[in-house]
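J.: This is final05.cif, which holds mmCIF, C-alpha atoms:
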data_coords
#
loop_
_atom_site.label_atom_id
_atom_site.label_comp_id
_atom_site.auth_asym_id
_atom_site.auth_seq_id
_atom_site.Cartn_x
_atom_site.Cartn_y
_atom_site.Cartn_z
CA MET A 288 17.28 83.30 -48.83
CA ASP A 289 16.98 84.05 -52.57
CA ASN A 290 19.67 83.11 -55.08
CA ASN A 291 21.19 86.59 -55.14
CA GLU A 292 21.59 86.56 -51.38
CA LEU A 293 22.95 83.04 -51.54
CA LYS A 294 25.50 84.07 -54.16
CA LYS A 295 26.62 87.03 -52.03
CA GLU A 296 26.90 84.79 -48.99
CA ARG A 297 29.11 82.40 -50.91
CA ILE A 298 31.36 85.17 -52.17
CA ALA A 299 31.67 86.52 -48.64
CA LEU A 300 32.49 83.04 -47.40
CA PHE A 301 35.61 82.87 -49.56
CA LYS A 302 36.70 86.39 -48.70
CA ASP A 303 36.06 85.96 -44.98
CA THR A 304 38.03 82.73 -44.95
CA ILE A 305 41.04 84.22 -46.73
CA GLN A 306 40.99 87.40 -44.63
CA ARG A 307 40.33 85.54 -41.35
CA ASN A 308 37.10 87.38 -40.79
CA ASP A 309 35.14 84.69 -38.92
CA PRO A 310 33.39 82.72 -41.73
CA LYS A 311 30.41 80.72 -40.52
CA ARG A 312 31.15 77.59 -42.52
CA ILE A 313 33.74 76.05 -44.85
CA ALA A 314 33.68 77.14 -48.49
CA HIS A 315 33.69 74.32 -51.06
CA PHE A 316 35.63 74.98 -54.26
CA GLY A 317 34.11 72.47 -56.68
CA ASN A 318 37.11 71.15 -58.58
CA LEU A 319 34.84 69.33 -61.02
CA PHE A 320 36.16 69.02 -64.53
CA SER A 321 35.11 66.62 -67.31
CA TRP A 322 33.79 64.00 -64.84
CA LYS A 323 30.61 66.02 -64.45
CA VAL A 324 29.81 65.43 -68.13
CA LEU A 325 29.75 61.68 -67.57
CA ASP A 326 27.85 62.15 -64.32
CA ALA A 327 25.16 64.09 -66.19
CA GLY A 328 24.77 61.23 -68.68
CA TYR A 329 26.59 62.63 -71.71
CA THR A 330 29.68 61.78 -73.70
CA LEU A 331 32.55 64.23 -74.03
CA THR A 332 31.79 64.64 -77.73
CA GLU A 333 28.18 65.53 -76.98
CA ALA A 334 29.10 68.12 -74.34
CA LEU A 335 32.14 69.71 -75.93
CA TYR A 336 30.50 70.29 -79.30
CA ASP A 337 27.10 71.52 -78.09
CA TYR A 338 26.73 74.40 -75.63
CA ASP A 339 23.12 73.41 -74.89
CA VAL A 340 24.39 70.06 -73.66
CA MET A 341 27.11 71.74 -71.60
CA GLU A 342 24.45 73.99 -70.07
CA ASN A 343 22.50 70.85 -69.09
CA VAL A 344 25.68 69.48 -67.50
CA ILE A 345 26.13 72.63 -65.40
CA ARG A 346 22.48 72.59 -64.34
CA ASP A 347 22.73 68.91 -63.43
CA THR A 348 25.88 69.48 -61.32
CA ALA A 349 24.48 72.58 -59.63
CA SER A 350 21.25 70.74 -58.79
CA LYS A 351 22.89 67.66 -57.31
CA TYR A 352 25.92 68.89 -55.41
CA LYS A 353 26.00 71.68 -52.82
CA VAL A 354 29.30 73.24 -53.81
CA ASP A 355 29.89 76.99 -53.55
CA VAL A 356 31.70 77.31 -56.86
CA ILE A 357 31.66 75.21 -60.03
CA TYR A 358 35.10 76.22 -61.18
CA GLU A 359 35.02 74.70 -64.65
CA PHE A 360 31.83 75.48 -66.53
CA GLY A 361 32.79 74.77 -70.10
CA TRP A 362 35.85 76.94 -70.68
CA ARG A 363 38.51 74.25 -70.28
CA ASN A 364 38.26 72.60 -73.69
CA PRO A 365 37.32 75.20 -76.34
CA LEU A 366 37.29 72.63 -79.12
CA GLN A 367 34.62 74.29 -81.25
CA ALA A 368 36.68 77.47 -81.55
CA ILE A 369 40.11 75.97 -82.16
CA GLU A 370 39.02 73.13 -84.42
CA SER A 371 37.38 75.68 -86.72
CA LEU A 372 40.98 76.62 -87.62
CA GLY A 373 42.16 73.06 -88.15
CA ASN A 374 43.70 72.49 -84.70
CA LYS A 375 43.40 68.79 -83.86
CA THR A 376 45.41 68.77 -80.64
CA TYR A 377 42.62 67.26 -78.56
CA LEU A 378 41.89 63.56 -78.86
CA ILE A 379 38.57 62.35 -77.46
CA ASP A 380 37.79 58.71 -76.75
CA ASP A 381 34.14 58.43 -75.72
CA LYS A 382 34.42 54.69 -75.00
CA THR A 383 36.96 55.23 -72.25
CA PHE A 384 35.76 58.77 -71.47
CA THR A 385 39.21 60.22 -71.93
CA LEU A 386 40.45 63.45 -73.42
CA ASN A 387 44.12 63.62 -74.26
CA ILE A 388 46.09 66.68 -75.28
CA ASP A 389 49.40 66.29 -77.06
CA ASP A 390 52.45 67.71 -75.31
CA GLN A 391 52.92 70.69 -77.56
CA CYS A 392 56.37 71.55 -78.80
CA LEU A 393 55.58 73.65 -81.83
CA MET A 394 58.36 76.16 -81.29
CA GLU A 395 61.81 75.02 -82.44
CA GLU A 396 64.72 75.57 -80.06
CA GLU A 397 66.55 77.74 -82.58
CA GLU A 398 63.60 80.14 -82.68
CA TYR A 399 64.16 81.70 -79.26
CA ASP A 400 65.83 84.79 -80.71
CA GLU A 401 62.86 85.46 -83.01
CA LEU A 402 60.44 85.10 -80.11
CA ILE A 403 62.50 87.36 -77.87
CA SER A 404 62.98 90.12 -80.45
CA ASN A 405 59.28 90.38 -81.38
CA PRO A 406 56.86 88.01 -79.61
CA LYS A 407 53.77 89.16 -81.52
CA LYS A 408 55.48 88.72 -84.90
CA TYR A 409 56.89 85.31 -84.00
CA LEU A 410 53.61 83.98 -82.61
CA TRP A 411 51.46 85.33 -85.43
CA GLU A 412 53.75 84.32 -88.31
CA LYS A 413 55.26 81.07 -87.06
CA LEU A 414 53.66 79.46 -84.03
CA ILE A 415 49.97 80.10 -84.60
CA PRO A 416 49.85 78.90 -88.25
CA ARG A 417 51.48 75.64 -87.16
CA LYS A 418 48.66 75.02 -84.70
CA HIS A 419 45.80 76.61 -86.57
CA ARG A 420 46.71 75.68 -90.10
CA TYR A 421 43.61 77.03 -91.89
CA LEU A 422 44.90 80.57 -91.28
CA LYS A 423 47.69 79.87 -93.75
CA ASP A 424 45.29 78.83 -96.51
CA LYS A 425 44.46 81.17 -99.37
CA ASN A 426 41.07 81.58 -97.68
CA GLY A 427 42.68 82.47 -94.37
CA THR A 428 40.46 85.52 -93.93
CA GLU A 429 37.35 83.38 -94.29
CA ALA A 430 38.79 80.85 -91.81
CA PHE A 431 39.38 83.70 -89.36
CA ARG A 432 35.74 84.82 -89.79
CA VAL A 433 34.53 81.32 -88.98
CA PHE A 434 36.80 81.27 -85.95
CA LEU A 435 35.51 84.66 -84.78
CA LYS A 436 31.95 83.34 -84.99
CA LYS A 437 32.89 80.27 -82.91
CA TYR A 438 34.89 82.40 -80.47
CA GLY A 439 31.86 84.67 -80.06
CA GLU A 440 29.56 81.70 -79.49
CA MET A 441 31.92 80.45 -76.80
CA GLY A 442 31.88 83.87 -75.12
CA GLU A 443 28.08 83.98 -75.26
CA TYR A 444 27.83 80.52 -73.74
CA LEU A 445 30.27 81.34 -70.93
CA GLY A 446 28.34 84.51 -70.11
CA LYS A 447 25.07 82.58 -70.13
CA ALA A 448 26.49 79.78 -67.97
CA THR A 449 27.76 82.34 -65.46
CA ARG A 450 24.30 83.92 -65.27
CA ILE A 451 22.67 80.51 -64.86
CA MET A 452 24.99 79.54 -62.01
CA GLU A 453 24.44 82.87 -60.25
CA GLU A 454 20.74 83.50 -60.89
CA ASP A 455 19.29 79.99 -60.97
CA TYR A 456 21.49 78.31 -58.37
CA GLY A 457 22.99 81.09 -56.24
CA LEU A 458 26.53 79.96 -57.04
CA ALA A 459 29.45 82.35 -56.82
CA SER A 460 31.54 83.53 -59.76
CA PHE A 461 35.14 82.86 -58.98
CA PHE A 462 37.28 85.61 -60.51
CA PRO A 463 36.79 88.67 -62.76
CA GLN A 464 37.05 88.02 -66.47
CA VAL A 465 39.21 91.10 -67.09
CA VAL A 466 42.27 89.13 -66.01
CA ALA A 467 40.95 85.75 -67.07
CA PHE A 468 43.60 84.85 -69.60
CA ASP A 469 46.35 85.55 -67.14
CA ALA A 470 45.36 82.36 -65.33
CA PHE A 471 47.62 80.35 -67.63
CA GLY A 472 49.02 83.22 -69.60
CA ASN A 473 52.30 84.20 -68.02
CA GLY A 474 55.42 83.80 -70.12
CA LEU A 475 56.74 80.74 -68.38
CA GLU A 476 53.46 78.84 -68.52
CA LEU A 477 53.07 79.72 -72.20
CA LEU A 478 56.54 78.33 -72.89
CA PHE A 479 55.78 75.22 -70.87
CA ASN A 480 52.23 74.48 -71.99
CA SER A 481 52.07 75.86 -75.50
CA LEU A 482 55.45 76.59 -77.06
CA ARG A 483 58.25 74.26 -75.97
CA GLY A 484 56.41 71.56 -74.03
CA ILE A 485 57.52 69.74 -70.92
CA ARG A 486 60.50 67.99 -72.48
CA GLY A 487 61.66 70.95 -74.54
CA LEU A 488 61.58 73.47 -71.71
CA SER A 489 63.20 71.01 -69.29
CA LEU A 490 66.17 70.80 -71.65
CA ASP A 491 66.19 74.52 -72.52
CA ILE A 492 66.57 75.70 -68.92
CA ARG A 493 69.80 73.72 -68.75
CA ARG A 494 71.18 74.40 -72.24
CA PHE A 495 70.34 78.08 -72.70
CA PRO A 496 68.84 79.53 -69.53
CA ASP A 497 69.54 83.12 -70.59
CA LYS A 498 67.29 82.74 -73.63
CA VAL A 499 64.53 81.15 -71.58
CA GLU A 500 64.72 84.01 -69.12
CA ALA A 501 64.59 86.59 -71.92
CA ALA A 502 61.66 84.79 -73.60
CA ILE A 503 59.68 84.77 -70.35
CA GLU A 504 60.29 88.49 -69.95
CA ALA A 505 59.31 89.23 -73.57
CA LEU A 506 56.08 87.22 -73.27
CA ASN A 507 55.22 88.85 -69.96
CA GLU A 508 55.78 92.29 -71.48
CA THR A 509 53.42 91.32 -74.31
CA PHE A 510 50.61 89.67 -72.38
CA VAL A 511 50.84 90.02 -68.61
CA LYS A 512 51.89 93.60 -68.05
CA PRO A 513 49.23 95.23 -70.29
CA ARG A 514 46.51 93.19 -68.58
CA LEU A 515 47.86 93.95 -65.16
CA GLU A 516 47.84 97.67 -66.00
CA LYS A 517 44.28 97.31 -67.30
CA ALA A 518 43.24 95.49 -64.12
CA LYS A 519 44.75 98.27 -62.02
CA LYS A 520 42.83 100.88 -63.96
CA VAL A 521 39.50 99.09 -64.46
CA MET A 522 39.23 97.30 -61.14
CA GLY A 523 40.98 99.80 -58.92
CA LYS A 524 41.80 98.98 -55.33
CA GLY A 525 39.94 96.54 -53.10
CA SER A 526 38.60 93.07 -53.76
CA SER A 527 35.79 92.76 -56.31
CA PRO A 528 32.39 92.44 -54.60
CA ASP A 529 31.14 90.24 -57.45
CA THR A 530 33.66 87.42 -57.29
CA CYS A 531 35.28 85.20 -54.67
CA VAL A 532 38.82 86.25 -55.54
CA ASP A 533 40.47 88.73 -57.89
CA PHE A 534 43.14 86.65 -59.51
CA ASN A 535 43.52 82.94 -60.21
CA PRO A 536 46.88 81.80 -61.56
CA VAL A 537 47.39 78.11 -62.27
CA PHE A 538 50.92 76.78 -61.87
CA PHE A 539 51.99 73.85 -63.99
CA SER A 540 55.60 74.48 -64.97
CA HIS A 541 57.06 74.69 -61.46
CA THR A 542 57.01 70.90 -61.45
CA ILE A 543 60.19 70.76 -63.58
CA PHE A 544 62.27 73.15 -61.44
CA ASN A 545 64.66 72.80 -58.56
CA ASN A 546 64.79 75.69 -56.09
CA LYS A 547 67.50 77.60 -57.91
CA GLN A 548 65.66 77.39 -61.22
CA PHE A 549 62.38 78.30 -59.55
CA GLU A 550 63.95 81.41 -58.07
CA ARG A 551 65.30 82.46 -61.44
CA PHE A 552 62.43 81.59 -63.79
CA TYR A 553 59.22 81.73 -61.75
CA TRP A 554 59.75 83.83 -58.67
CA PRO A 555 60.02 87.22 -60.48
CA TYR A 556 56.51 86.71 -61.91
CA MET A 557 55.12 85.54 -58.59
CA LYS A 558 56.70 88.48 -56.80
CA MET A 559 55.17 90.87 -59.33
CA ILE A 560 51.74 89.35 -58.67
CA ALA A 561 52.27 89.36 -54.90
CA ASP A 562 53.22 93.05 -55.00
CA TYR A 563 50.08 93.80 -57.04
CA LEU A 564 47.89 91.94 -54.56
CA GLU A 565 49.32 93.86 -51.65
CA GLU A 566 49.35 97.29 -53.28
CA TYR A 567 45.83 96.95 -54.69
CA ASP A 568 44.28 95.06 -51.78
CA LYS A 569 43.38 91.95 -53.83
CA LEU A 570 42.75 88.28 -53.13
CA CYS A 571 44.25 85.42 -55.09
CA TYR A 572 43.68 81.66 -55.47
CA ILE A 573 46.62 79.67 -56.79
CA PHE A 574 46.13 76.15 -58.09
CA ALA A 575 49.54 74.46 -57.96
CA GLU A 576 49.62 71.22 -59.90
CA GLY A 577 51.87 68.40 -58.70
CA ASP A 578 53.98 68.86 -55.58
CA SER A 579 55.35 72.29 -54.71
CA SER A 580 56.46 71.63 -51.15
CA ARG A 581 60.13 72.27 -52.05
CA PHE A 582 59.19 75.90 -52.78
CA TYR A 583 57.58 76.71 -49.43
CA GLU A 584 60.51 78.92 -48.45
CA PHE A 585 59.41 81.20 -51.32
CA TYR A 586 55.71 80.93 -50.55
CA GLN A 587 56.45 81.99 -46.98
CA GLU A 588 57.30 85.42 -48.41
CA PHE A 589 53.79 85.87 -49.84
CA PRO A 590 51.69 88.51 -48.06
CA LYS A 591 49.44 87.27 -45.29
CA ASN A 592 45.65 86.89 -45.65
CA ARG A 593 45.58 87.42 -49.43
CA ILE A 594 46.53 84.16 -51.09
CA VAL A 595 45.00 80.70 -51.21
CA LEU A 596 47.26 77.81 -52.18
CA HIS A 597 45.37 74.84 -53.59
CA VAL A 598 47.73 71.90 -53.23
CA GLU A 599 47.37 68.89 -55.45
CA GLN A 600 49.97 66.32 -54.36
CA ASP A 601 51.62 68.08 -51.40
CA ASP A 602 51.02 66.79 -47.87
CA ILE A 603 48.27 69.28 -47.08
CA PHE A 604 48.74 68.94 -43.33
CA GLU A 605 52.40 69.91 -43.64
CA ALA A 606 51.44 72.79 -45.93
CA LYS A 607 49.08 74.09 -43.26
CA LYS A 608 51.86 74.05 -40.67
CA LYS A 609 54.56 75.56 -42.84
CA LEU A 610 52.55 78.25 -44.61
CA PRO A 611 50.64 80.13 -41.89
CA ASN A 612 50.56 83.21 -44.12
CA LEU A 613 48.40 81.43 -46.71
CA THR A 614 44.95 79.85 -46.78
CA ILE A 615 45.33 76.22 -47.74
CA ALA A 616 42.77 74.59 -50.06
CA GLY A 617 42.24 71.07 -51.30
CA GLY A 618 42.76 67.86 -49.38
CA MET A 619 39.91 65.56 -50.42
CA PRO A 620 41.60 62.64 -52.21
CA THR A 621 40.08 61.68 -55.54
CA THR A 622 41.31 58.17 -54.81
CA LEU A 623 38.90 58.03 -51.88
CA LEU A 624 36.06 59.74 -53.76
CA GLY A 625 36.53 57.22 -56.54
CA LYS A 626 37.02 54.02 -54.59
CA GLY A 627 35.78 54.59 -51.04
CA THR A 628 32.32 54.53 -49.51
CA PRO A 629 30.22 57.55 -48.50
CA ASP A 630 30.97 56.85 -44.84
CA GLN A 631 34.71 56.69 -45.48
CA CYS A 632 34.58 59.92 -47.44
CA VAL A 633 32.66 61.78 -44.75
CA ALA A 634 35.08 60.46 -42.12
CA TYR A 635 37.92 61.95 -44.15
CA VAL A 636 36.10 65.28 -44.42
CA LYS A 637 35.88 65.29 -40.61
CA LYS A 638 39.62 64.68 -40.43
CA LEU A 639 40.28 67.58 -42.81
CA ILE A 640 38.08 69.87 -40.75
CA ASP A 641 39.76 68.79 -37.54
CA LYS A 642 43.32 69.21 -38.83
CA LEU A 643 42.93 72.14 -41.22
CA ALA A 644 39.91 74.23 -40.23
CA TYR A 645 40.61 74.67 -36.49
CA ASP A 646 41.40 78.33 -37.21
CA LYS A 647 38.55 78.80 -39.75
CA ASN A 648 41.17 79.35 -42.42
CA TYR A 649 40.69 76.45 -44.82
CA ILE A 650 38.87 76.01 -48.15
CA PHE A 651 37.63 72.54 -48.89
CA SER A 652 38.21 71.03 -52.31
CA GLU A 653 38.98 67.88 -54.15
CA ASP A 654 42.77 67.60 -54.44
CA LYS A 655 42.86 66.98 -58.21
CA MET A 656 40.71 68.22 -61.05
CA ILE A 657 38.01 65.53 -61.15
CA SER A 658 38.19 64.38 -64.72
CA PHE A 659 37.95 60.62 -65.20
CA PRO A 660 35.22 58.08 -64.34
CA TYR A 661 37.27 56.55 -61.52
CA ASP A 662 38.05 59.95 -59.94
CA CYS A 663 34.71 60.09 -58.16
CA GLN A 664 31.50 58.20 -57.35
CA PRO A 665 28.37 60.39 -57.34
CA GLU A 666 27.11 59.05 -53.99
CA ASN A 667 30.47 59.87 -52.39
CA LEU A 668 30.52 63.43 -53.68
CA LYS A 669 26.93 63.95 -52.60
CA ALA A 670 27.63 62.69 -49.08
CA VAL A 671 30.68 64.96 -48.82
CA CYS A 672 28.80 68.01 -50.12
CA ASP A 673 25.82 67.45 -47.84
CA TYR A 674 27.99 67.02 -44.75
CA LEU A 675 30.15 70.02 -45.52
CA TYR A 676 27.23 72.31 -46.38
CA ALA A 677 25.51 71.50 -43.08
CA PHE A 678 28.67 71.95 -41.00
CA ARG A 679 28.91 75.15 -38.95
CA TYR A 680 31.86 76.43 -36.98
CA MET B 27 51.69 85.86 -100.77
CA LYS B 28 49.21 88.64 -101.44
CA ASN B 29 46.46 87.52 -99.08
CA ASP B 30 48.59 85.85 -96.43
CA ILE B 31 46.94 86.99 -93.21
CA THR B 32 49.66 85.32 -91.14
CA ARG B 33 52.09 88.12 -91.99
CA TYR B 34 52.89 90.49 -89.14
CA PRO B 35 52.05 93.30 -88.89
CA GLU B 36 50.27 93.44 -92.29
CA GLY B 37 47.89 90.48 -91.94
CA TYR B 38 47.36 90.99 -88.23
CA GLU B 39 46.47 94.65 -88.72
CA GLN B 40 44.27 93.87 -91.72
CA LEU B 41 42.17 91.46 -89.66
CA LYS B 42 42.04 93.90 -86.77
CA GLU B 43 40.84 96.75 -88.97
CA GLU B 44 38.52 94.88 -91.31
CA GLU B 45 37.09 91.90 -89.44
CA LEU B 46 36.32 93.17 -85.94
CA VAL B 47 33.25 95.03 -87.17
CA PHE B 48 31.20 93.94 -84.16
CA LEU B 49 33.40 96.01 -81.83
CA PRO B 50 33.04 99.75 -81.17
CA ASP B 51 35.17 101.88 -83.47
CA ASN B 52 37.82 102.30 -80.82
CA GLN B 53 41.45 101.47 -81.49
CA LYS B 54 42.24 100.53 -77.91
CA ILE B 55 39.36 98.07 -77.71
CA LYS B 56 40.40 96.50 -81.02
CA ASP B 57 44.02 96.25 -79.89
CA GLU B 58 43.01 94.51 -76.66
CA PHE B 59 40.68 92.13 -78.49
CA MET B 60 43.39 91.11 -80.96
CA LEU B 61 45.82 90.58 -78.10
CA ASP B 62 43.24 88.27 -76.49
CA ILE B 63 42.95 86.39 -79.79
CA LEU B 64 46.74 86.18 -80.11
CA GLN B 65 47.03 84.67 -76.67
CA PHE B 66 44.01 82.38 -77.10
CA LEU B 67 45.41 80.94 -80.32
CA THR B 68 48.87 80.57 -78.76
CA GLN B 69 47.52 78.99 -75.62
CA TRP B 70 44.92 76.60 -76.99
#
Once you've parsed the file, please lay out its structure as structure tokens.
T.:
Amino acid sequence: MDNNELKKERIALFKDTIQRNDPKRIAHFGNLFSWKVLDAGYTLTEALYDYDVMENVIRDTASKYKVDVIYEFGWRNPLQAIESLGNKTYLIDDKTFTLNIDDQCLMEEEEYDELISNPKKYLWEKLIPRKHRYLKDKNGTEAFRVFLKKYGEMGEYLGKATRIMEEDYGLASFFPQVVAFDAFGNGLELLFNSLRGIRGLSLDIRRFPDKVEAAIEALNETFVKPRLEKAKKVMGKGSSPDTCVDFNPVFFSHTIFNNKQFERFYWPYMKMIADYLEEYDKLCYIFAEGDSSRFYEFYQEFPKNRIVLHVEQDDIFEAKKKLPNLTIAGGMPTTLLGKGTPDQCVAYVKKLIDKLAYDKNYIFSEDKMISFPYDCQPENLKAVCDYLYAFRY
Amino acid sequence: MKNDITRYPEGYEQLKEEELVFLPDNQKIKDEFMLDILQFLTQW
């Protein structure tokens, strides 16, 4: 089988699993983040500031581990682009192999009305210059040119890395780039991750929920709805033949909500996406950080055979029982990959297969984004990948 | 400030019209690109 056939087989594997169309084996979503840099013998500084090094990292990972998708291939930490504008949010420590990102609370609580009345104006005039301070300089135009160059280089690298994964290793691309930014780009996640921060938004939803709700709507009108309309027009109906899924939202902010707040602040967005998936015959992979088991009554309303839920800290066996409408993904504990033996890890894979894949409707993955040295031992990941790749239903 | 590109819509439109020379001369494409930039800079 050549790499193009292998890529197509891997894409079909994801689709067949989600749509319950008799897949022949279990797809492996490689949830491999910055750990792979260390595993390839580089520091974070070396990899994040040199796309040739990051390419070597991807080649190293693709050569060693038989995963079906390498989800993160250099897009997660776009330091070269943002630091060209003076943004120093990311703090790298190569000695401990850690990358920390400040909880960002660059929007003041009294600025909600400005954001709501004109999101583009507020973001461009207030928020963005606070993060990317060179834009405010008298040579702001020149700073923007430098940024555009770096942004372009990032785009070129990501395109090249995608081609390398597909053509040289037969790996599958995960989702179409036309909706790429929507992964984290809905109004609520922008408020949570980029504007008000965890603490700020946690307080805001209690002190002035109406303004939070209006801000989410204004941001969604600005960013989500135009892209959704574009996706409808450009991609039409039916799942893309070139990618495993069509849409890949990542949920972070749900972790601060109780059910009532979730229903008010998050569910309208999720329902909009669910309706799109159903109307346009699309497939979706949700990564839900933390524990979202208290929201299963909402998830039970999602359409059947269209959505994967990757659980991070939920009891995955309970999720499987309570969400028969969804494909469950995840389950391989990073604690075991980091501290166990290859035999222990393979034994756990067998347990996951036994408990979760009895109906051929399960996608294997590491529960958390593998990021730190102690998240995984190479020999454990290799043993897991080899066993899983050889397994047939 | 005369050359303050962080003014909206003046600075935003100026960059869109004068700096995106690598894009086709198509208003819709330029609008979408600047929206991507706006979100990228907000997000990251």
J.: Between CA of Met60 in chain B and CA of Glu370 in chain A, measure the distance and give it in Å to one decimal.
T.: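 Between CA of Met60 in chain B and CA of Glu370 in chain A the gap works out to 18.8 Å.
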J.: Separation of CA of Ser321 in chain A and CA of Thr530 in chain A, in Å?
T.: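 Separation between CA of Ser321 in chain A and CA of Thr530 in chain A: 23.1 Å.
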J.: Running the PyMOL selection byres ((chain B) within 6 of (chain A)) on this model by hand, what would come out? Give it as a list in words.
T.: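 That selection, the PyMOL selection byres ((chain B) within 6 of (chain A)), comes back as Thr32, Arg33, Tyr34, Thr68 and Gln69 of chain B.
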J.: Expand the PyMOL selection byres ((chain A and resi 307) around 12) into the individual residues it matches in the shown file, reporting them as a ChimeraX atom specification.
T.: /A:299-306,308-311,591-595,611-614,644-650
J.: Rounded to one decimal, what separation in Å do you get between CA of Ser527 in chain A and CA of Gly577 in chain A?
T.: 29.3 Å
J.: With the file shown as input, list the residues that the PyMOL selection byres ((chain A and resi 659) around 8) selects, as a PyMOL selection string.
T.: chain A and resi 321-322+384-385+657-658+660-663
J.: Which residue is closest to Phe552 in chain A? Choose from A:Ala459, A:Ala502, A:Leu293, A:Cys392 and count all atoms listed in the file.
T.: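 Using all atoms listed in the file, the shortest distance to Phe552 in chain A belongs to A:Ala502.
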J.: Could you check which of A:Asp491, A:Asp326, A:Asp601, A:Glu453 is closest to Glu395 in chain A, using only C-alpha atoms?
T.: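 Distance minimum relative to Glu395 in chain A lands on A:Asp491.
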J.: So, counting all atoms listed in the file, which residue among A:Lys637, A:Arg679, A:Lys608, A:Arg420 is closest to Ile31 in chain B?
T.: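 Looking at the shortest contact to Ile31 in chain B, the residue is A:Arg420.
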J.: Give me, as number ranges by chain, all polymer residues having an atom no more than 9 Å from Ile357 in chain A, counting all atoms listed in the file and skipping those fewer than 2 positions away in the same chain.
T.: A: 316-320, 345, 348-349, 354-355, 359-360, 452, 458-461
J.: With distances taken over only C-alpha atoms, which of B:Trp70, B:Lys56, B:Asp62, B:Asp30 is nearest to Lys42 in chain B?
T.: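 Closest residue, counting only C-alpha atoms: B:Lys56.
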J.: Any idea what's packed within 8 Å of Phe462 in chain A, counting all atoms listed in the file, ignoring anything in its chain fewer than 5 positions away? Could you give it as a ChimeraX atom specification?
T.: /A:467,530-535
J.: Could you save the residues just selected, with C-alpha atoms, as a tab-separated table (two decimals), in the frame of the given file?
T.:
chain	number	residue	atom	x	y	z
A	467	ALA	CA	40.95	85.75	-67.07
A	530	THR	CA	33.66	87.42	-57.29
A	531	CYS	CA	35.28	85.20	-54.67
A	532	VAL	CA	38.82	86.25	-55.54
A	533	ASP	CA	40.47	88.73	-57.89
A	534	PHE	CA	43.14	86.65	-59.51
A	535	ASN	CA	43.52	82.94	-60.21
